[in-house]
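Source file: structure-v3.cif. Holds: mmCIF, C-alpha atoms and all ligand atoms.
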data_protein
loop_
_atom_site.label_atom_id
_atom_site.label_comp_id
_atom_site.auth_asym_id
_atom_site.auth_seq_id
_atom_site.Cartn_x
_atom_site.Cartn_y
_atom_site.Cartn_z
CA MET M 23 -6.67 25.65 -21.97
CA GLN M 24 -4.66 25.53 -18.72
CA SER M 25 -1.26 23.89 -19.15
CA TYR M 26 0.93 22.11 -16.58
CA ASP M 27 4.34 20.47 -16.47
CA VAL M 28 2.83 17.27 -15.03
CA VAL M 29 -0.76 16.10 -14.54
CA ILE M 30 -1.21 13.25 -12.06
CA VAL M 31 -4.44 11.27 -12.04
CA GLY M 32 -5.18 10.10 -8.48
CA GLY M 33 -4.54 11.92 -5.22
CA GLY M 34 -3.92 8.81 -3.10
CA ILE M 35 -0.60 8.19 -1.38
CA GLY M 36 1.32 7.61 -4.63
CA GLY M 37 -0.06 10.58 -6.56
CA LEU M 38 0.42 12.98 -3.67
CA ALA M 39 3.96 11.75 -2.97
CA LEU M 40 4.91 12.21 -6.63
CA GLY M 41 3.27 15.65 -6.55
CA CYS M 42 5.41 16.60 -3.53
CA ARG M 43 8.57 15.27 -5.19
CA LEU M 44 7.97 17.35 -8.36
CA ALA M 45 6.76 20.45 -6.57
CA ASN M 46 10.10 20.34 -4.71
CA ASP M 47 11.66 21.24 -8.05
CA LYS M 48 9.06 23.92 -8.66
CA ARG M 49 7.24 22.06 -11.43
CA ALA M 50 3.66 23.14 -12.13
CA VAL M 51 1.69 20.05 -11.07
CA LEU M 52 -2.04 19.34 -11.19
CA ILE M 53 -3.60 16.35 -9.38
CA LEU M 54 -7.01 15.18 -10.59
CA GLU M 55 -8.77 13.30 -7.78
CA ALA M 56 -12.16 11.67 -8.16
CA ARG M 57 -13.06 11.85 -4.45
CA PRO M 58 -14.53 15.10 -3.07
CA GLY M 59 -11.93 15.27 -0.27
CA ILE M 60 -10.04 13.20 2.29
CA SER M 61 -12.40 11.32 4.58
CA PRO M 62 -11.22 9.51 7.75
CA SER M 63 -10.18 5.90 7.02
CA HIS M 64 -11.63 2.97 8.98
CA ARG M 65 -8.31 1.19 8.77
CA GLY M 66 -4.60 1.38 9.47
CA LEU M 67 -1.63 1.15 7.14
CA THR M 68 1.80 -0.19 7.96
CA LEU M 69 4.71 1.84 6.70
CA GLN M 70 7.89 -0.19 6.38
CA PRO M 71 11.55 0.82 6.10
CA ASN M 72 11.39 1.25 2.29
CA GLY M 73 8.32 3.52 2.51
CA LEU M 74 9.75 5.42 5.48
CA GLU M 75 12.98 5.98 3.55
CA ALA M 76 10.95 7.40 0.63
CA LEU M 77 9.18 9.77 3.04
CA GLN M 78 12.55 10.85 4.34
CA LYS M 79 13.67 11.65 0.79
CA LEU M 80 10.62 13.91 0.56
CA ALA M 81 11.67 15.50 3.89
CA LEU M 82 8.32 14.34 5.32
CA LEU M 83 9.39 11.61 7.73
CA GLU M 84 9.56 13.89 10.76
CA ARG M 85 6.05 15.17 10.05
CA THR M 86 4.70 11.64 9.55
CA LEU M 87 6.18 10.08 12.70
CA PRO M 88 3.78 11.78 15.17
CA THR M 89 0.77 10.47 13.18
CA GLY M 90 1.76 6.83 13.74
CA SER M 91 2.83 4.21 16.27
CA LYS M 92 6.38 2.91 16.04
CA ILE M 93 6.65 -0.88 16.25
CA HIS M 94 9.89 -2.80 16.71
CA THR M 95 8.44 -6.28 17.23
CA VAL M 96 5.66 -8.25 15.54
CA ALA M 97 4.77 -11.39 17.51
CA TRP M 98 3.07 -14.26 15.66
CA TYR M 99 0.92 -16.59 17.77
CA GLU M 100 -1.00 -19.71 16.97
CA ILE M 101 -4.69 -19.17 17.83
CA ASN M 102 -5.28 -21.04 21.13
CA GLY M 103 -1.61 -21.95 21.10
CA GLY M 104 1.76 -20.45 21.88
CA LEU M 105 4.17 -17.99 20.36
CA LEU M 106 5.40 -19.00 16.90
CA ALA M 107 7.88 -16.18 16.30
CA SER M 108 8.74 -12.77 17.54
CA LEU M 109 10.07 -10.77 14.61
CA ASP M 110 12.53 -8.12 15.70
CA TYR M 111 12.80 -5.26 13.18
CA SER M 112 15.66 -3.62 15.07
CA LEU M 113 17.88 -6.37 13.57
CA LEU M 114 17.76 -4.56 10.24
CA ASP M 115 20.79 -2.65 9.12
CA HIS M 116 18.73 0.39 8.06
CA PRO M 117 18.16 3.83 9.63
CA GLN M 118 14.39 3.16 9.73
CA ASN M 119 14.56 -0.28 11.35
CA TYR M 120 10.96 -0.25 12.60
CA LEU M 121 7.37 -0.22 11.34
CA LEU M 122 5.06 2.76 11.64
CA THR M 123 1.30 2.12 11.70
CA VAL M 124 -0.70 5.13 10.58
CA VAL M 125 -4.28 5.82 9.56
CA PRO M 126 -3.99 6.27 5.76
CA SER M 127 -6.17 9.40 5.62
CA GLU M 128 -3.76 11.07 8.07
CA LEU M 129 -0.77 10.25 5.88
CA GLU M 130 -2.68 11.60 2.88
CA GLN M 131 -3.31 14.81 4.84
CA VAL M 132 0.43 15.24 5.58
CA LEU M 133 1.20 14.78 1.85
CA ARG M 134 -1.68 17.00 0.77
CA ASP M 135 -0.60 19.85 3.07
CA GLU M 136 2.94 19.67 1.75
CA PHE M 137 1.79 19.58 -1.87
CA SER M 138 -0.44 22.63 -1.37
CA ARG M 139 2.31 24.46 0.53
CA LYS M 140 4.51 24.02 -2.55
CA ASN M 141 1.78 25.50 -4.78
CA GLY M 142 0.61 22.17 -6.20
CA VAL M 143 -2.99 22.26 -7.46
CA VAL M 144 -5.58 19.57 -6.61
CA HIS M 145 -8.89 19.38 -8.44
CA GLU M 146 -11.22 17.29 -6.28
CA SER M 147 -14.33 15.55 -7.63
CA ALA M 148 -12.48 15.46 -10.97
CA SER M 149 -12.60 12.17 -12.85
CA PHE M 150 -10.07 11.43 -15.55
CA GLU M 151 -11.76 10.38 -18.80
CA GLY M 152 -9.02 10.07 -21.38
CA PHE M 153 -6.00 11.58 -23.07
CA LYS M 154 -4.73 12.48 -26.54
CA LEU M 155 -1.05 12.47 -27.40
CA CYS M 156 -0.04 15.55 -29.43
CA ASN M 157 3.35 16.60 -30.81
CA ASP M 158 4.92 18.10 -27.72
CA HIS M 159 2.23 17.67 -25.08
CA VAL M 160 -0.65 15.50 -23.87
CA GLN M 161 -4.23 16.72 -23.82
CA VAL M 162 -6.13 15.43 -20.78
CA LYS M 163 -9.89 15.20 -20.52
CA SER M 164 -11.69 15.01 -17.17
CA ARG M 165 -15.18 15.41 -15.79
CA ARG M 166 -15.91 17.69 -12.86
CA TYR M 167 -19.28 18.72 -11.42
CA GLY M 168 -21.06 17.38 -14.50
CA SER M 169 -18.94 19.29 -17.04
CA THR M 170 -16.04 18.22 -19.21
CA ALA M 171 -12.72 19.97 -18.60
CA GLU M 172 -9.52 19.84 -20.64
CA CYS M 173 -5.93 20.74 -19.84
CA SER M 174 -2.56 20.11 -21.41
CA THR M 175 0.61 18.72 -19.87
CA LYS M 176 4.13 17.71 -20.81
CA ILE M 177 3.74 14.40 -18.91
CA LEU M 178 0.70 12.48 -17.67
CA VAL M 179 0.95 10.03 -14.73
CA GLY M 180 -1.66 7.48 -13.69
CA ALA M 181 -1.59 7.03 -9.91
CA ASP M 182 -5.22 6.02 -10.03
CA GLY M 183 -5.17 2.65 -8.31
CA ALA M 184 -5.85 -0.94 -9.28
CA ASP M 185 -8.72 -0.07 -11.66
CA SER M 186 -6.63 2.62 -13.39
CA ARG M 187 -8.33 4.37 -16.29
CA VAL M 188 -5.00 5.83 -17.39
CA ARG M 189 -3.71 2.25 -17.78
CA THR M 190 -6.79 1.38 -19.84
CA ALA M 191 -6.26 4.45 -22.02
CA LEU M 192 -2.61 3.40 -22.54
CA HIS M 193 -3.85 0.11 -24.06
CA VAL M 194 -1.20 -2.02 -22.34
CA LYS M 195 -1.68 -5.74 -21.80
CA THR M 196 -2.86 -6.26 -18.21
CA GLN M 197 -3.57 -9.38 -16.14
CA THR M 198 -5.94 -8.84 -13.23
CA ARG M 199 -6.73 -11.45 -10.58
CA GLU M 200 -8.78 -11.19 -7.41
CA CYS M 201 -6.68 -12.27 -4.40
CA PRO M 202 -8.14 -15.30 -2.57
CA ASP M 203 -7.68 -13.66 0.82
CA HIS M 204 -10.29 -11.00 1.56
CA PHE M 205 -10.18 -8.90 4.72
CA LEU M 206 -12.29 -6.96 7.20
CA PHE M 207 -10.55 -3.89 8.63
CA MET M 208 -11.45 -1.81 11.64
CA LEU M 209 -10.13 0.67 14.17
CA VAL M 210 -10.96 0.04 17.84
CA GLY M 211 -9.82 1.38 21.22
CA PRO M 212 -6.32 1.03 22.67
CA VAL M 213 -5.08 -2.29 24.06
CA ASP M 214 -2.41 -2.27 26.80
CA ALA M 215 -0.78 -5.50 25.59
CA LEU M 216 0.02 -3.84 22.26
CA ARG M 217 2.17 -1.04 23.66
CA GLN M 218 5.39 -2.97 23.06
CA GLU M 219 4.53 -5.07 20.03
CA ALA M 220 2.05 -5.76 17.26
CA ARG M 221 0.52 -9.23 17.09
CA GLN M 222 -0.65 -11.56 14.36
CA TYR M 223 -2.59 -14.74 15.13
CA LEU M 224 -3.20 -17.67 12.86
CA SER M 225 -4.59 -21.18 12.66
CA LEU M 226 -6.06 -23.29 9.85
CA GLY M 227 -8.44 -20.99 7.92
CA LYS M 228 -7.97 -18.06 10.30
CA MET M 229 -5.66 -15.07 10.55
CA ALA M 230 -5.99 -11.76 12.35
CA GLY M 231 -3.65 -8.87 13.07
CA PHE M 232 -3.70 -6.34 15.90
CA PHE M 233 -1.50 -3.27 15.43
CA PRO M 234 -1.32 -0.20 17.67
CA VAL M 235 -2.12 3.22 16.16
CA PRO M 236 -2.09 6.46 18.16
CA GLY M 237 -5.05 6.28 20.55
CA GLY M 238 -6.29 2.92 19.31
CA THR M 239 -5.78 -0.41 17.61
CA TYR M 240 -5.94 -1.38 13.96
CA ILE M 241 -7.39 -4.87 13.36
CA PHE M 242 -7.43 -6.88 10.15
CA TYR M 243 -9.33 -10.16 9.94
CA TYR M 244 -8.84 -12.63 7.12
CA LEU M 245 -11.93 -13.93 5.37
CA PRO M 246 -11.73 -16.46 2.56
CA ARG M 247 -13.40 -15.22 -0.63
CA GLY M 248 -17.21 -15.53 -0.50
CA LYS M 249 -17.53 -15.90 3.30
CA LEU M 250 -18.63 -12.35 4.22
CA ASN M 251 -22.39 -12.97 4.08
CA GLY M 252 -22.07 -16.07 6.25
CA LEU M 253 -20.11 -14.10 8.85
CA LYS M 254 -22.69 -11.31 8.85
CA ALA M 255 -25.55 -13.81 9.20
CA GLU M 256 -24.04 -15.00 12.49
CA GLY M 257 -24.33 -11.45 13.82
CA LEU M 258 -21.99 -8.71 14.97
CA ASP M 259 -21.82 -9.95 18.58
CA SER M 260 -20.67 -13.35 17.42
CA PHE M 261 -17.89 -11.69 15.37
CA LYS M 262 -16.84 -9.53 18.33
CA ASN M 263 -16.69 -12.67 20.51
CA GLU M 264 -14.57 -14.32 17.88
CA LEU M 265 -12.08 -11.42 17.95
CA GLN M 266 -11.97 -11.59 21.75
CA LYS M 267 -11.41 -15.33 21.68
CA ILE M 268 -8.42 -14.78 19.39
CA MET M 269 -6.98 -12.03 21.57
CA PRO M 270 -8.54 -11.99 25.07
CA GLU M 271 -6.71 -8.73 25.99
CA LEU M 272 -9.07 -6.95 23.53
CA ALA M 273 -11.97 -7.03 26.00
CA GLY M 274 -13.54 -3.59 26.32
CA SER M 275 -11.61 -2.14 23.40
CA ILE M 276 -14.08 -3.17 20.71
CA ASN M 277 -17.19 -1.48 22.14
CA ASN M 278 -17.03 1.14 19.39
CA LEU M 279 -17.91 -1.54 16.79
CA GLN M 280 -21.67 -0.93 16.65
CA SER M 281 -22.41 -2.04 13.09
CA TRP M 282 -20.77 -3.66 10.08
CA ASP M 283 -20.45 -0.12 8.66
CA ASP M 284 -17.75 0.53 11.26
CA MET M 285 -15.55 -1.84 9.23
CA THR M 286 -14.13 -1.86 5.72
CA TYR M 287 -14.27 -4.97 3.56
CA ALA M 288 -11.52 -5.41 1.00
CA ALA M 289 -11.26 -7.84 -1.89
CA PRO M 290 -7.75 -6.95 -3.09
CA LYS M 291 -6.56 -7.42 -6.67
CA ARG M 292 -3.25 -8.48 -8.08
CA ILE M 293 -2.26 -6.63 -11.25
CA LYS M 294 0.47 -7.46 -13.73
CA VAL M 295 1.04 -4.94 -16.51
CA GLN M 296 3.25 -5.52 -19.54
CA SER M 297 4.59 -1.96 -19.66
CA TRP M 298 4.21 0.92 -17.20
CA VAL M 299 5.20 3.65 -19.61
CA GLY M 300 4.34 5.04 -23.01
CA ASP M 301 5.13 8.29 -24.83
CA ARG M 302 4.81 11.05 -22.18
CA VAL M 303 2.69 8.75 -19.99
CA ALA M 304 3.54 6.53 -16.99
CA ILE M 305 1.66 4.64 -14.27
CA ILE M 306 2.75 4.04 -10.68
CA GLY M 307 1.63 2.18 -7.55
CA ASP M 308 -1.43 -0.05 -7.61
CA ALA M 309 -2.13 1.00 -11.20
CA ALA M 310 1.12 -0.76 -12.19
CA HIS M 311 1.51 -3.58 -9.66
CA ALA M 312 -1.33 -3.99 -7.11
CA LEU M 313 -0.55 -7.00 -4.92
CA ASP M 314 -1.79 -9.29 -2.20
CA PRO M 315 -1.86 -7.32 1.08
CA SER M 316 -0.11 -10.06 3.11
CA TRP M 317 3.25 -8.22 2.99
CA ALA M 318 1.70 -4.78 3.64
CA GLN M 319 3.85 -3.37 0.86
CA GLY M 320 1.44 -1.65 -1.60
CA ALA M 321 1.70 1.88 -0.21
CA ASN M 322 5.40 1.47 0.52
CA MET M 323 6.12 0.48 -3.07
CA THR M 324 3.94 3.33 -4.34
CA LEU M 325 6.08 5.74 -2.30
CA GLN M 326 9.26 4.27 -3.81
CA ASP M 327 7.76 4.54 -7.32
CA ALA M 328 6.97 8.20 -6.68
CA ILE M 329 10.59 8.98 -5.86
CA SER M 330 11.94 6.98 -8.79
CA LEU M 331 9.50 8.39 -11.37
CA GLY M 332 9.94 11.88 -9.91
CA ASP M 333 13.71 11.64 -10.51
CA THR M 334 13.13 10.38 -14.05
CA ILE M 335 10.64 13.15 -14.89
CA GLU M 336 12.98 15.76 -13.46
CA GLY M 337 15.73 14.36 -15.73
CA SER M 338 13.40 14.78 -18.74
CA PHE M 339 12.78 18.42 -17.91
CA GLN M 340 16.42 19.17 -17.27
CA SER M 341 17.60 17.60 -20.54
CA ASP M 342 14.47 18.62 -22.44
CA ASP M 343 14.21 14.99 -23.50
CA PHE M 344 10.67 13.62 -23.54
CA SER M 345 11.41 10.69 -25.85
CA SER M 346 9.71 7.39 -25.13
CA ASP M 347 12.96 5.81 -23.83
CA ARG M 348 13.26 8.24 -20.92
CA PRO M 349 10.44 6.95 -18.68
CA LYS M 350 11.77 3.39 -19.19
CA THR M 351 14.54 4.36 -16.74
CA TYR M 352 11.89 4.44 -14.01
CA GLU M 353 10.36 1.11 -15.04
CA ASN M 354 13.79 -0.54 -15.26
CA ALA M 355 14.67 0.72 -11.80
CA ARG M 356 11.45 -0.50 -10.17
CA ARG M 357 10.28 -3.60 -12.06
CA LYS M 358 12.52 -6.27 -10.46
CA GLN M 359 11.73 -5.38 -6.85
CA THR M 360 7.97 -5.02 -7.39
CA THR M 361 7.79 -8.38 -9.19
CA PHE M 362 9.79 -10.04 -6.39
CA ILE M 363 7.52 -8.58 -3.70
CA GLN M 364 4.33 -9.49 -5.60
CA LYS M 365 5.50 -13.13 -5.83
CA GLN M 366 6.61 -13.34 -2.21
CA ALA M 367 3.36 -11.74 -1.00
CA ASP M 368 1.41 -14.41 -2.90
CA ARG M 369 3.54 -17.12 -1.27
CA SER M 370 3.12 -15.68 2.20
CA ALA M 371 -0.65 -15.44 1.76
CA ARG M 372 -0.75 -19.10 0.73
CA LEU M 373 1.00 -20.07 3.99
CA THR M 374 -0.59 -17.70 6.51
CA SER M 375 -4.18 -17.21 5.37
CA THR M 376 -5.09 -20.61 4.08
CA GLU M 377 -7.67 -23.39 4.17
CA SER M 378 -5.09 -26.01 3.26
CA ARG M 379 -3.81 -28.22 6.14
CA PHE M 380 -0.45 -28.72 4.50
CA ASN M 381 0.09 -25.01 3.79
CA SER M 382 -0.99 -24.08 7.31
CA TRP M 383 1.46 -26.61 8.79
CA LEU M 384 4.24 -25.35 6.51
CA GLY M 385 3.48 -21.71 7.34
CA LYS M 386 3.80 -22.39 11.07
CA ARG M 387 7.01 -24.33 10.51
CA VAL M 388 8.57 -21.48 8.50
CA LEU M 389 7.53 -18.98 11.19
CA ARG M 390 9.00 -21.12 14.02
CA LYS M 391 12.22 -21.56 12.09
CA THR M 392 12.47 -17.84 11.33
CA GLY M 393 11.73 -16.98 14.96
CA THR M 394 14.58 -19.06 16.32
CA ASN M 395 17.28 -18.14 13.80
CA ARG M 396 18.39 -14.49 13.87
CA ARG M 397 20.19 -14.78 10.54
CA LEU M 398 17.08 -16.16 8.84
CA MET M 399 14.97 -13.50 10.53
CA ARG M 400 17.19 -10.75 9.09
CA ILE M 401 16.90 -12.28 5.59
CA ALA M 402 13.12 -12.52 5.88
CA LEU M 403 12.66 -8.99 7.23
CA ASN M 404 15.06 -7.49 4.71
CA ALA M 405 12.81 -8.88 1.97
CA SER M 406 9.41 -8.11 3.52
CA CYS M 407 10.56 -4.57 4.37
CA GLY M 408 11.34 -3.88 0.71
CA LEU M 409 15.11 -3.69 1.17
CA THR M 410 16.06 -6.30 -1.41
CA ASP M 411 14.77 -7.57 -4.74
CA HIS M 412 15.71 -11.24 -4.53
CA PHE M 413 16.37 -14.31 -2.38
CA THR M 414 19.36 -16.47 -3.27
CA ILE M 415 18.60 -20.17 -3.78
CA GLY M 416 20.50 -20.90 -0.57
CA GLU M 417 18.30 -18.45 1.35
CA GLN M 418 15.12 -19.99 -0.05
CA LEU M 419 16.25 -23.47 0.98
CA ARG M 420 17.15 -22.30 4.48
CA PHE M 421 13.50 -21.39 5.19
CA LEU M 422 12.36 -24.90 4.32
CA LEU M 423 15.08 -27.32 5.42
C1 LIG A 1 -7.13 -3.94 2.93
C2 LIG A 1 -5.84 -3.37 2.52
C3 LIG A 1 -4.83 -3.19 3.47
C4 LIG A 1 -3.63 -2.65 3.08
N1 LIG A 1 -2.64 -2.48 3.99
C5 LIG A 1 -1.47 -1.96 3.57
C6 LIG A 1 -0.39 -1.75 4.48
O1 LIG A 1 -0.50 -2.01 5.68
N2 LIG A 1 0.78 -1.25 4.00
C7 LIG A 1 0.92 -0.94 2.66
O2 LIG A 1 2.00 -0.49 2.26
N3 LIG A 1 -0.09 -1.11 1.80
C8 LIG A 1 -1.27 -1.60 2.22
N4 LIG A 1 -2.28 -1.76 1.33
C9 LIG A 1 -2.10 -1.37 -0.06
C10 LIG A 1 -2.20 0.15 -0.23
O3 LIG A 1 -3.36 0.65 0.37
C11 LIG A 1 -2.17 0.48 -1.70
O4 LIG A 1 -1.15 -0.25 -2.32
C12 LIG A 1 -1.90 1.96 -1.90
O5 LIG A 1 -2.93 2.72 -1.35
C13 LIG A 1 -1.77 2.26 -3.37
O6 LIG A 1 -1.62 3.64 -3.53
P1 LIG A 1 -1.90 4.32 -4.93
O7 LIG A 1 -1.67 5.77 -4.69
O8 LIG A 1 -1.13 3.62 -5.98
O9 LIG A 1 -3.44 4.02 -5.24
P2 LIG A 1 -4.73 4.35 -4.41
O10 LIG A 1 -4.47 4.47 -2.97
O11 LIG A 1 -5.77 3.35 -4.85
O12 LIG A 1 -5.16 5.79 -4.92
C14 LIG A 1 -5.74 5.97 -6.19
C15 LIG A 1 -6.47 7.32 -6.19
O13 LIG A 1 -6.92 7.58 -7.51
C16 LIG A 1 -8.23 8.07 -7.47
N5 LIG A 1 -8.84 7.76 -8.77
C17 LIG A 1 -9.18 6.53 -9.25
N6 LIG A 1 -9.70 6.64 -10.48
C18 LIG A 1 -9.67 7.97 -10.78
C19 LIG A 1 -10.08 8.72 -11.92
N7 LIG A 1 -10.61 8.12 -13.04
N8 LIG A 1 -9.94 10.06 -11.90
C20 LIG A 1 -9.40 10.69 -10.82
N9 LIG A 1 -8.99 10.02 -9.72
C21 LIG A 1 -9.13 8.68 -9.70
C22 LIG A 1 -8.87 7.36 -6.30
O14 LIG A 1 -9.99 8.07 -5.80
C23 LIG A 1 -7.71 7.31 -5.30
O15 LIG A 1 -7.69 8.44 -4.47
C24 LIG A 1 -3.47 -2.31 1.73
C25 LIG A 1 -4.50 -2.48 0.80
C26 LIG A 1 -5.67 -3.03 1.21
C27 LIG A 1 -6.77 -3.24 0.19
#
I need this file expressed as structure tokens, please.
Ligand SMILES: Cc1cc2nc3c(=O)[nH]c(=O)nc-3n(C[C@H](O)[C@H](O)[C@H](O)COP(=O)(O)OP(=O)(O)OC[C@H]3O[C@@H](n4cnc5c(N)ncnc54)[C@H](O)[C@@H]3O)c2cc1C
Amino acid sequence: MQSYDVVIVGGGIGGLALGCRLANDKRAVLILEARPGISPSHRGLTLQPNGLEALQKLALLERTLPTGSKIHTVAWYEINGGLLASLDYSLLDHPQNYLLTVVPSELEQVLRDEFSRKNGVVHESASFEGFKLCNDHVQVKSRRYGSTAECSTKILVGADGADSRVRTALHVKTQTRECPDHFLFMLVGPVDALRQEARQYLSLGKMAGFFPVPGGTYIFYYLPRGKLNGLKAEGLDSFKNELQKIMPELAGSINNLQSWDDMTYAAPKRIKVQSWVGDRVAIIGDAAHALDPSWAQGANMTLQDAISLGDTIEGSFQSDDFSSDRPKTYENARRKQTTFIQKQADRSARLTSTESRFNSWLGKRVLRKTGTNRRLMRIALNASCGLTDHFTIGEQLRFLL
């Protein structure tokens, strides 16, 4: 049976980033990935200062920058109305005081190349099935090309997303809830108006975002749960007209949308897990704390988890201490911030993608207030960029009063 220092289930952004972190210290790492390979995504992904900082710790920021579009300003508009707020990320006191919109498959490729360069092993089309805890190792069972395979490892990590099978095998208490805000995602042609800024538009029951990516534009369109079939019944042309009505400068850039298959539909989940670690086993990223996408923080937090857990695992190897208390260091370091961001993302979603008149009014009021007060803007961006783990009571009141 092949044996490894660490086996990671899931070769998404979190699993690959952790693989890179551990391969940096020359650990023998195997990634089991259910997909047959990396296929081009139909969507974009916003990297924020906390995720960019994690990439810098992996010495991968310079390689990632050319794959994305740097954004310093996100302008929020009311649909058929005026500017609500222009959020200026350069206000942040952080070396990466900007957003970077990438296509997720391209980020995965950067991570995958680095992992392979450092002799990390990826088994594609390999589905994790279960594990058995032994005295000084973990036995891992997977299925690949119709056959069962087994390997052994000192530590097993589940980076296998919101429906994590590693989490299930750990038998930890988990609360799962479907987020009320579903989304359609797509990549279209470039839009001149988006060279300087990204834009988000909202009104009662509607929200859409338009973010530049190299050579194109990434669009996300909010759909309340259960409304997809109704939208499709009205036809693709009607939807394209709707997008153009929201942002008239789009004209001509959405010709590549020829069918609904050119878009991705997402019904995100919010996951709360009682414990992220067990003896020789840990979970990271969406497996531990999937959240509402309104703060665009999932991948950024996964990257931070990868660095934190990587440091903890390295500590275990260096001190030859694999006791159950060790991995708690990682959970203790990450739990407060992820819980804070999950809660704030829920709140934001309630105010910006909502069918409620009161919430919609309040959301616009908070945006206007934030847009006109630089101090408040810095507080808001510091939080949404993953640079803090709390608001003081005074700060919370300032957004409302
Ligand atoms: C619509 C949408 C938009 C988003 N936009 C943003 C954004 O702008 N910014 C941001 O930071 N986040 C965003 N997110 C969230 C972000 O995509 C996720 O939080 C992030 O991808 C989580 O990374 P992960 O590595 O933890 O899990 P995943 O990306 O889900 O990766 C899990 C991997 O595990 C593999 N796997 C699953 N089960 C098994 C198994 N049994 N055996 C082997 N492999 C397995 C899967 O194939 C997958 O490759 C968005 C999410 C959605 C849904």
Residue contacts of Val194 of chain M (8 Å, all atoms listed in the file) excluding same-chain residues fewer than 6 positions away, as a ChimeraX atom specification:
/M:295-297
Using all atoms listed in the file, which protein or nucleic acid residues come within 9 Å of Gly408 of chain M? Drop anything in the same chain fewer than 6 positions from it, and give the result as a list of chain:residue names.
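The residues that qualify are M:Gln70, M:Pro71, M:Asn72, M:Gly73, M:Gln319, M:Asn322, M:Met323, M:Gln359, M:Thr360, M:Ile363.
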Write the selection just made, keeping C-alpha atoms, as a compact mmCIF listing (two decimals), in the frame of the given file?
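Output below, filename selection_21.txt:
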# COMPACT_ATOMS: atom_id res chain seq x y z
CA GLN M 70 7.89 -0.19 6.38
CA PRO M 71 11.55 0.82 6.10
CA ASN M 72 11.39 1.25 2.29
CA GLY M 73 8.32 3.52 2.51
CA GLN M 319 3.85 -3.37 0.86
CA ASN M 322 5.40 1.47 0.52
CA MET M 323 6.12 0.48 -3.07
CA GLN M 359 11.73 -5.38 -6.85
CA THR M 360 7.97 -5.02 -7.39
CA ILE M 363 7.52 -8.58 -3.70
Cut-off 7 Å, all atoms listed in the file, neighbours of ligand LIG 1 (chain A) as number ranges by chain
M: 31-37, 54-57, 66-69, 148-151, 181-187, 205, 207, 288-290, 306-309, 312, 315, 318-324
Can those selected residues be exported to a file as a CSV table (one decimal), keeping the file's coordinate frame so that it contains C-alpha atoms?
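Saved result, selection.csv, follows:
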chain,number,residue,atom,x,y,z
M,31,VAL,CA,-4.4,11.3,-12.0
M,32,GLY,CA,-5.2,10.1,-8.5
M,33,GLY,CA,-4.5,11.9,-5.2
M,34,GLY,CA,-3.9,8.8,-3.1
M,35,ILE,CA,-0.6,8.2,-1.4
M,36,GLY,CA,1.3,7.6,-4.6
M,37,GLY,CA,-0.1,10.6,-6.6
M,54,LEU,CA,-7.0,15.2,-10.6
M,55,GLU,CA,-8.8,13.3,-7.8
M,56,ALA,CA,-12.2,11.7,-8.2
M,57,ARG,CA,-13.1,11.8,-4.4
M,66,GLY,CA,-4.6,1.4,9.5
M,67,LEU,CA,-1.6,1.2,7.1
M,68,THR,CA,1.8,-0.2,8.0
M,69,LEU,CA,4.7,1.8,6.7
M,148,ALA,CA,-12.5,15.5,-11.0
M,149,SER,CA,-12.6,12.2,-12.8
M,150,PHE,CA,-10.1,11.4,-15.6
M,151,GLU,CA,-11.8,10.4,-18.8
M,181,ALA,CA,-1.6,7.0,-9.9
M,182,ASP,CA,-5.2,6.0,-10.0
M,183,GLY,CA,-5.2,2.6,-8.3
M,184,ALA,CA,-5.8,-0.9,-9.3
M,185,ASP,CA,-8.7,-0.1,-11.7
M,186,SER,CA,-6.6,2.6,-13.4
M,187,ARG,CA,-8.3,4.4,-16.3
M,205,PHE,CA,-10.2,-8.9,4.7
M,207,PHE,CA,-10.6,-3.9,8.6
M,288,ALA,CA,-11.5,-5.4,1.0
M,289,ALA,CA,-11.3,-7.8,-1.9
M,290,PRO,CA,-7.8,-7.0,-3.1
M,306,ILE,CA,2.8,4.0,-10.7
M,307,GLY,CA,1.6,2.2,-7.6
M,308,ASP,CA,-1.4,0.0,-7.6
M,309,ALA,CA,-2.1,1.0,-11.2
M,312,ALA,CA,-1.3,-4.0,-7.1
M,315,PRO,CA,-1.9,-7.3,1.1
M,318,ALA,CA,1.7,-4.8,3.6
M,319,GLN,CA,3.8,-3.4,0.9
M,320,GLY,CA,1.4,-1.6,-1.6
M,321,ALA,CA,1.7,1.9,-0.2
M,322,ASN,CA,5.4,1.5,0.5
M,323,MET,CA,6.1,0.5,-3.1
M,324,THR,CA,3.9,3.3,-4.3
Which residue is closest to Arg139 of chain M? Choose from M:Asn46, M:Ser345, M:Thr374, M:Thr86 and count all atoms listed in the file.
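Closest to Arg139 of chain M of all the choices is M:Asn46.
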Any idea what the distance is between atom CA of Met208 of chain M and atom CA of Tyr243 of chain M?
8.8 Å
Show me the residues around (6.8, 7.6, -11.2) - criterion: an atom at most 8 Å away, all atoms listed in the file counted - as an NGL selection string.
:M and (40 or 179 or 304-306 or 327-332 or 334-335 or 352)
Atom CA of Leu389 of chain M and atom CA of Leu373 of chain M, how far apart in Å?
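Taking atom CA of Leu373 of chain M as the start and atom CA of Leu389 of chain M as the end point, the length is 9.8 Å.
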Identify which of the residues M:Arg396, M:Lys386, M:Lys365, M:Lys358 lies closest to Tyr223 of chain M, counting all atoms listed in the file when measuring atom-to-atom distances.
M:Lys386
From the set M:Ser346, M:Gln280, M:Ser91, M:Ser61, which residue has the shortest atom-to-atom contact distance to Ala220 of chain M, counting all atoms listed in the file?
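Of all the options, M:Ser91 lies closest to Ala220 of chain M.
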